[in-house]
$ cat input.csv   # CSV, N, CA and C atoms
chain,number,residue,atom,x,y,z
A,1,MET,N,91.1,84.5,99.1
A,1,MET,CA,91.7,85.7,98.9
A,1,MET,C,92.9,85.5,97.9
A,2,GLU,N,93.0,86.5,97.0
A,2,GLU,CA,94.1,86.4,96.0
A,2,GLU,C,95.5,86.6,96.6
A,3,LYS,N,96.4,85.7,96.3
A,3,LYS,CA,97.7,85.7,96.9
A,3,LYS,C,98.6,86.8,96.1
A,4,MET,N,99.5,87.4,96.8
A,4,MET,CA,100.3,88.4,96.2
A,4,MET,C,101.4,87.8,95.3
A,5,SER,N,101.5,88.2,94.1
A,5,SER,CA,102.5,87.6,93.2
A,5,SER,C,103.8,88.5,93.3
A,6,HIS,N,104.8,88.0,92.7
A,6,HIS,CA,106.1,88.8,92.6
A,6,HIS,C,105.8,90.1,91.9
A,7,LYS,N,105.0,90.0,90.8
A,7,LYS,CA,104.7,91.2,90.1
A,7,LYS,C,104.0,92.2,90.9
A,8,ASP,N,103.0,91.8,91.7
A,8,ASP,CA,102.3,92.7,92.7
A,8,ASP,C,103.3,93.3,93.6
A,9,LEU,N,104.2,92.5,94.2
A,9,LEU,CA,105.1,93.0,95.1
A,9,LEU,C,106.0,94.1,94.5
A,10,LEU,N,106.5,93.9,93.3
A,10,LEU,CA,107.3,94.9,92.6
A,10,LEU,C,106.5,96.2,92.4
A,11,LEU,N,105.2,96.0,92.0
A,11,LEU,CA,104.3,97.2,91.8
A,11,LEU,C,104.2,98.0,93.1
A,12,PHE,N,104.0,97.3,94.2
A,12,PHE,CA,103.8,98.0,95.5
A,12,PHE,C,105.2,98.7,95.9
A,13,LYS,N,106.2,98.0,95.6
A,13,LYS,CA,107.6,98.5,96.0
A,13,LYS,C,107.8,99.8,95.2
A,14,ARG,N,107.5,99.8,93.9
A,14,ARG,CA,107.7,101.0,93.1
A,14,ARG,C,106.8,102.1,93.6
A,15,LYS,N,105.5,101.8,93.8
A,15,LYS,CA,104.6,102.8,94.3
A,15,LYS,C,105.0,103.4,95.6
A,16,LEU,N,105.6,102.6,96.5
A,16,LEU,CA,106.1,103.1,97.8
A,16,LEU,C,107.3,104.0,97.6
A,17,GLU,N,108.2,103.6,96.7
A,17,GLU,CA,109.4,104.4,96.4
A,17,GLU,C,109.0,105.7,95.8
A,18,VAL,N,108.0,105.8,95.0
A,18,VAL,CA,107.6,107.0,94.4
A,18,VAL,C,107.0,107.9,95.5
A,19,MET,N,106.2,107.3,96.4
A,19,MET,CA,105.6,108.0,97.5
A,19,MET,C,106.7,108.6,98.4
A,20,GLU,N,107.7,107.8,98.6
A,20,GLU,CA,108.8,108.3,99.5
A,20,GLU,C,109.5,109.5,98.9
A,21,GLN,N,109.8,109.4,97.6
A,21,GLN,CA,110.5,110.5,96.9
A,21,GLN,C,109.6,111.8,96.9
A,22,GLU,N,108.3,111.6,96.7
A,22,GLU,CA,107.4,112.8,96.7
A,22,GLU,C,107.3,113.4,98.0
A,23,LEU,N,107.2,112.6,99.1
A,23,LEU,CA,107.2,113.1,100.4
A,23,LEU,C,108.4,113.8,100.8
A,24,LEU,N,109.6,113.3,100.5
A,24,LEU,CA,110.9,113.9,100.8
A,24,LEU,C,110.9,115.3,100.1
A,25,SER,N,110.5,115.3,98.9
A,25,SER,CA,110.5,116.6,98.1
A,25,SER,C,109.6,117.6,98.7
A,26,GLU,N,108.4,117.2,99.1
A,26,GLU,CA,107.4,118.1,99.7
A,26,GLU,C,107.9,118.6,101.0
A,27,ILE,N,108.5,117.8,101.8
A,27,ILE,CA,109.0,118.2,103.1
A,27,ILE,C,110.1,119.2,102.9
A,28,LYS,N,111.0,118.9,102.0
A,28,LYS,CA,112.1,119.9,101.7
A,28,LYS,C,111.5,121.2,101.2
A,29,GLU,N,110.6,121.1,100.3
A,29,GLU,CA,110.0,122.3,99.7
A,29,GLU,C,109.3,123.2,100.8
A,30,LEU,N,108.5,122.5,101.6
A,30,LEU,CA,107.8,123.2,102.7
A,30,LEU,C,108.8,124.0,103.6
A,31,THR,N,109.8,123.3,104.1
A,31,THR,CA,110.7,123.9,105.0
A,31,THR,C,111.6,124.9,104.3
A,32,THR,N,112.1,124.7,103.1
A,32,THR,CA,112.9,125.6,102.4
A,32,THR,C,112.1,126.9,102.1
A,33,LYS,N,111.0,126.7,101.5
A,33,LYS,CA,110.2,127.9,101.1
A,33,LYS,C,109.8,128.7,102.3
A,34,HIS,N,109.4,128.1,103.3
A,34,HIS,CA,108.9,128.8,104.5
A,34,HIS,C,110.1,129.7,105.1
A,35,TYR,N,111.2,129.1,105.2
A,35,TYR,CA,112.3,129.8,105.9
A,35,TYR,C,113.1,130.7,105.0
A,36,ASN,N,113.2,130.4,103.7
A,36,ASN,CA,113.9,131.3,102.7
A,36,ASN,C,113.2,132.6,102.5
A,37,GLU,N,111.9,132.6,102.6
A,37,GLU,CA,111.1,133.8,102.3
A,37,GLU,C,111.0,134.8,103.5
A,38,ARG,N,111.7,134.5,104.6
A,38,ARG,CA,111.6,135.3,105.8
A,38,ARG,C,112.9,135.8,106.2
A,39,THR,N,112.9,137.0,106.7
A,39,THR,CA,114.2,137.6,107.3
A,39,THR,C,114.2,137.0,108.8
A,40,SER,N,115.3,137.2,109.4
A,40,SER,CA,115.5,136.8,110.8
A,40,SER,C,114.5,137.5,111.7
A,41,GLU,N,114.2,138.7,111.4
A,41,GLU,CA,113.2,139.5,112.3
A,41,GLU,C,111.8,138.9,112.1
A,42,GLU,N,111.5,138.6,110.8
A,42,GLU,CA,110.2,138.0,110.6
A,42,GLU,C,110.1,136.6,111.2
A,43,LEU,N,111.1,135.8,111.1
A,43,LEU,CA,111.1,134.5,111.8
A,43,LEU,C,110.8,134.6,113.3
A,44,GLU,N,111.5,135.6,113.9
A,44,GLU,CA,111.3,135.8,115.3
A,44,GLU,C,109.8,136.2,115.6
A,45,ALA,N,109.3,137.1,114.8
A,45,ALA,CA,108.0,137.7,115.0
A,45,ALA,C,106.9,136.6,114.8
A,46,VAL,N,107.1,135.7,113.9
A,46,VAL,CA,106.0,134.7,113.6
A,46,VAL,C,106.3,133.3,114.3
A,47,SER,N,107.3,133.3,115.1
A,47,SER,CA,107.6,132.0,115.7
A,47,SER,C,106.5,131.3,116.4
A,48,ASN,N,105.6,132.0,116.9
A,48,ASN,CA,104.4,131.4,117.6
A,48,ASN,C,103.1,131.6,116.9
A,49,SER,N,103.2,132.0,115.6
A,49,SER,CA,102.0,132.3,114.9
A,49,SER,C,101.2,131.1,114.4
A,50,LEU,N,100.0,131.3,114.0
A,50,LEU,CA,99.2,130.2,113.5
A,50,LEU,C,99.8,129.6,112.3
A,51,ALA,N,100.3,130.5,111.4
A,51,ALA,CA,100.9,130.0,110.2
A,51,ALA,C,102.0,129.0,110.5
A,52,ASN,N,102.9,129.3,111.4
A,52,ASN,CA,103.9,128.3,111.8
A,52,ASN,C,103.4,127.1,112.4
A,53,GLU,N,102.4,127.2,113.2
A,53,GLU,CA,101.7,126.0,113.8
A,53,GLU,C,101.2,125.1,112.7
A,54,MET,N,100.5,125.7,111.7
A,54,MET,CA,99.9,124.9,110.6
A,54,MET,C,101.0,124.3,109.8
A,55,LEU,N,102.1,125.0,109.5
A,55,LEU,CA,103.2,124.4,108.8
A,55,LEU,C,103.8,123.2,109.6
A,56,PHE,N,104.0,123.4,110.9
A,56,PHE,CA,104.5,122.4,111.7
A,56,PHE,C,103.6,121.1,111.7
A,57,LEU,N,102.3,121.3,111.8
A,57,LEU,CA,101.4,120.2,111.7
A,57,LEU,C,101.5,119.5,110.3
A,58,GLU,N,101.5,120.2,109.3
A,58,GLU,CA,101.6,119.7,107.9
A,58,GLU,C,102.9,118.9,107.8
A,59,LEU,N,104.0,119.4,108.3
A,59,LEU,CA,105.3,118.7,108.2
A,59,LEU,C,105.3,117.5,109.0
A,60,ARG,N,104.7,117.5,110.2
A,60,ARG,CA,104.6,116.3,111.1
A,60,ARG,C,103.8,115.2,110.4
A,61,LYS,N,102.7,115.6,109.7
A,61,LYS,CA,101.9,114.7,109.0
A,61,LYS,C,102.6,114.0,107.9
A,62,LYS,N,103.3,114.8,107.1
A,62,LYS,CA,104.1,114.2,106.0
A,62,LYS,C,105.2,113.4,106.5
A,63,GLN,N,105.9,113.8,107.6
A,63,GLN,CA,106.9,113.0,108.2
A,63,GLN,C,106.4,111.6,108.7
A,64,GLU,N,105.2,111.6,109.3
A,64,GLU,CA,104.6,110.4,109.8
A,64,GLU,C,104.3,109.5,108.6
A,65,VAL,N,103.7,110.0,107.5
A,65,VAL,CA,103.4,109.2,106.4
A,65,VAL,C,104.8,108.6,105.8
A,66,LEU,N,105.8,109.5,105.7
A,66,LEU,CA,107.1,109.0,105.2
A,66,LEU,C,107.6,107.9,106.1
A,67,LYS,N,107.5,108.0,107.4
A,67,LYS,CA,107.9,106.9,108.3
A,67,LYS,C,107.1,105.6,108.0
A,68,GLN,N,105.8,105.7,107.7
A,68,GLN,CA,105.0,104.5,107.3
A,68,GLN,C,105.5,103.9,106.0
A,69,VAL,N,105.8,104.8,105.1
A,69,VAL,CA,106.3,104.3,103.7
A,69,VAL,C,107.6,103.6,103.9
A,70,LYS,N,108.5,104.2,104.7
A,70,LYS,CA,109.8,103.5,104.9
A,70,LYS,C,109.7,102.2,105.6
A,71,PHE,N,108.7,102.1,106.5
A,71,PHE,CA,108.5,100.8,107.2
A,71,PHE,C,107.9,99.8,106.3
A,72,ALA,N,107.0,100.2,105.4
A,72,ALA,CA,106.5,99.3,104.4
A,72,ALA,C,107.6,98.8,103.4
A,73,LEU,N,108.5,99.7,103.0
A,73,LEU,CA,109.6,99.2,102.2
A,73,LEU,C,110.5,98.3,103.0
A,74,LEU,N,110.7,98.5,104.2
A,74,LEU,CA,111.5,97.6,105.1
A,74,LEU,C,110.8,96.2,105.2
A,75,ARG,N,109.5,96.2,105.3
A,75,ARG,CA,108.7,95.0,105.3
A,75,ARG,C,108.8,94.2,104.0
A,76,ILE,N,108.9,94.9,102.9
A,76,ILE,CA,109.1,94.3,101.6
A,76,ILE,C,110.5,93.6,101.6
A,77,LYS,N,111.5,94.3,102.1
A,77,LYS,CA,112.9,93.8,102.1
A,77,LYS,C,113.0,92.5,103.0
A,78,LYS,N,112.2,92.6,104.1
A,78,LYS,CA,112.2,91.4,105.0
A,78,LYS,C,111.3,90.3,104.6
A,79,GLY,N,110.5,90.5,103.5
A,79,GLY,CA,109.6,89.4,103.0
A,79,GLY,C,108.3,89.3,103.8
A,80,VAL,N,107.9,90.3,104.5
A,80,VAL,CA,106.7,90.2,105.3
A,80,VAL,C,105.7,91.3,104.9
A,81,TYR,N,105.9,91.9,103.8
A,81,TYR,CA,105.0,93.0,103.3
A,81,TYR,C,103.6,92.3,102.9
A,82,GLY,N,102.5,92.9,103.3
A,82,GLY,CA,101.2,92.4,102.9
A,82,GLY,C,100.7,91.3,103.9
A,83,ILE,N,101.4,91.1,105.0
A,83,ILE,CA,101.0,90.2,106.1
A,83,ILE,C,100.6,91.0,107.3
A,84,CYS,N,99.4,90.8,107.7
A,84,CYS,CA,98.8,91.5,108.9
A,84,CYS,C,99.7,91.3,110.1
A,85,THR,N,100.0,92.4,110.7
A,85,THR,CA,100.9,92.4,111.9
A,85,THR,C,100.2,91.8,113.1
A,86,LYS,N,98.8,91.8,113.1
A,86,LYS,CA,98.1,91.3,114.3
A,86,LYS,C,97.7,89.9,114.1
A,87,THR,N,97.3,89.5,112.9
A,87,THR,CA,96.8,88.1,112.7
A,87,THR,C,97.7,87.2,112.0
A,88,GLY,N,98.6,87.8,111.2
A,88,GLY,CA,99.5,86.9,110.4
A,88,GLY,C,98.9,86.5,109.1
A,89,ASN,N,97.7,87.0,108.9
A,89,ASN,CA,97.0,86.7,107.6
A,89,ASN,C,97.4,87.7,106.5
A,90,GLN,N,97.2,87.3,105.3
A,90,GLN,CA,97.5,88.2,104.2
A,90,GLN,C,96.5,89.3,104.1
A,91,ILE,N,97.0,90.5,103.9
A,91,ILE,CA,96.2,91.7,103.7
A,91,ILE,C,95.7,91.7,102.3
A,92,SER,N,94.5,92.0,102.1
A,92,SER,CA,93.9,91.9,100.7
A,92,SER,C,94.6,92.9,99.8
A,93,LEU,N,94.8,92.5,98.5
A,93,LEU,CA,95.4,93.3,97.5
A,93,LEU,C,94.6,94.6,97.3
A,94,LYS,N,93.3,94.5,97.4
A,94,LYS,CA,92.4,95.6,97.3
A,94,LYS,C,92.8,96.7,98.3
A,95,ARG,N,92.9,96.2,99.5
A,95,ARG,CA,93.3,97.2,100.6
A,95,ARG,C,94.7,97.8,100.4
A,96,LEU,N,95.6,97.0,100.0
A,96,LEU,CA,97.0,97.5,99.7
A,96,LEU,C,97.0,98.5,98.6
A,97,HIS,N,96.1,98.3,97.6
A,97,HIS,CA,96.1,99.3,96.5
A,97,HIS,C,95.5,100.6,97.0
A,98,VAL,N,94.6,100.5,97.9
A,98,VAL,CA,94.1,101.8,98.5
A,98,VAL,C,95.1,102.4,99.5
A,99,ASN,N,95.7,101.6,100.3
A,99,ASN,CA,96.7,102.0,101.3
A,99,ASN,C,97.9,101.1,101.3
A,100,PRO,N,98.9,101.4,100.5
A,100,PRO,CA,100.1,100.5,100.4
A,100,PRO,C,100.9,100.4,101.7
A,101,THR,N,100.6,101.3,102.7
A,101,THR,CA,101.3,101.2,104.0
A,101,THR,C,100.5,100.4,105.0
A,102,ALA,N,99.4,99.8,104.7
A,102,ALA,CA,98.5,99.1,105.6
A,102,ALA,C,99.3,98.0,106.3
A,103,LEU,N,99.1,98.0,107.6
A,103,LEU,CA,99.7,96.9,108.5
A,103,LEU,C,98.7,95.8,108.8
A,104,CYS,N,97.4,96.1,108.7
A,104,CYS,CA,96.4,95.1,109.0
A,104,CYS,C,95.3,95.1,108.0
A,105,ASP,N,94.6,94.0,107.8
A,105,ASP,CA,93.5,94.0,107.0
A,105,ASP,C,92.3,94.3,107.9
A,106,ILE,N,91.3,94.9,107.3
A,106,ILE,CA,90.1,95.3,108.1
A,106,ILE,C,89.1,94.2,108.2

$ encode --input "input.csv" --output "structure tokens"
Amino acid sequence: MEKMSHKDLLLFKRKLEVMEQELLSEIKELTTKHYNERTSEELEAVSNSLANEMLFLELRKKQEVLKQVKFALLRIKKGVYGICTKTGNQISLKRLHVNPTALCDI
């Protein structure tokens, strides 16, 4: 298996930082757009609506991915990025390119 170089690590770090900024922006946009376009009466009327439920689920999903990205960045900082949390073996670069937040190799 190909060992991760310093250049690879920097590439993944940058990719994760871009993902983090995009997710933060998307979360902010979703929440701001949704609540700025409604009056207080409308907010009350739709508080239990399907639209709010879908927005909530989308926000939760993005927040979960953001959490995974931040954890991957922390693992880079600690020097353990790319190491399987279960086996201690290196995660393949191919897998990390597909999913830079991967914790384990398949």

$ select_by_dssp --input "input.csv" --residues "chain A" --states "alpha helix (DSSP H)" --output "PyMOL selection string"
chain A and resi 6-36+40-45+50-78+93-98

$ closest_residue --input "input.csv" --among "A:Met4, A:Leu66, A:Leu74, A:Leu55" --to "Lys94 in chain A" --atoms "only C-alpha atoms"
A:Met4

$ residues_around --input "input.csv" --residues "Arg60 in chain A" --least-positions-apart "3" --cutoff "12 Å" --atoms "only C-alpha atoms" --output "ChimeraX atom specification"
/A:23,26-27,30-31,53-57,63-67

$ atom_distance --input "input.csv" --atom1 "CA of His97 in chain A" --atom2 "CA of Phe12 in chain A"
7.9 Å

$ atom_distance --input "input.csv" --atom1 "atom N of Arg75 in chain A" --atom2 "atom C of Ile106 in chain A"
20.7 Å

$ atom_distance --input "input.csv" --atom1 "atom C of Gln21 in chain A" --atom2 "CA of Cys104 in chain A"
24.5 Å

$ closest_residue --input "input.csv" --among "A:Val80, A:Leu93, A:Thr85, A:Lys70" --to "Glu2 in chain A" --atoms "only N, CA and C atoms"
A:Leu93

$ residues_near_point --input "input.csv" --point "(92.9, 92.5, 99.1)" --cutoff "12 Å" --atoms "only C-alpha atoms" --output "list in words"
Met1, Glu2, Lys3, Met4, Asp8, Gly82, Ile83, Cys84, Asn89, Gln90, Ile91, Ser92, Leu93, Lys94, Arg95, Leu96, His97, Val98, Asn99, Pro100, Ala102, Cys104, Asp105 and Ile106 of chain A

$ axis_aligned_box --input "input.csv" --around "range 50-66 of chain A" --padding-each-side "3 Å" --output "JSON"
{"center_x": 103.4, "center_y": 119.6, "center_z": 109.6, "size_x": 14.4, "size_y": 29.4, "size_z": 14.8}
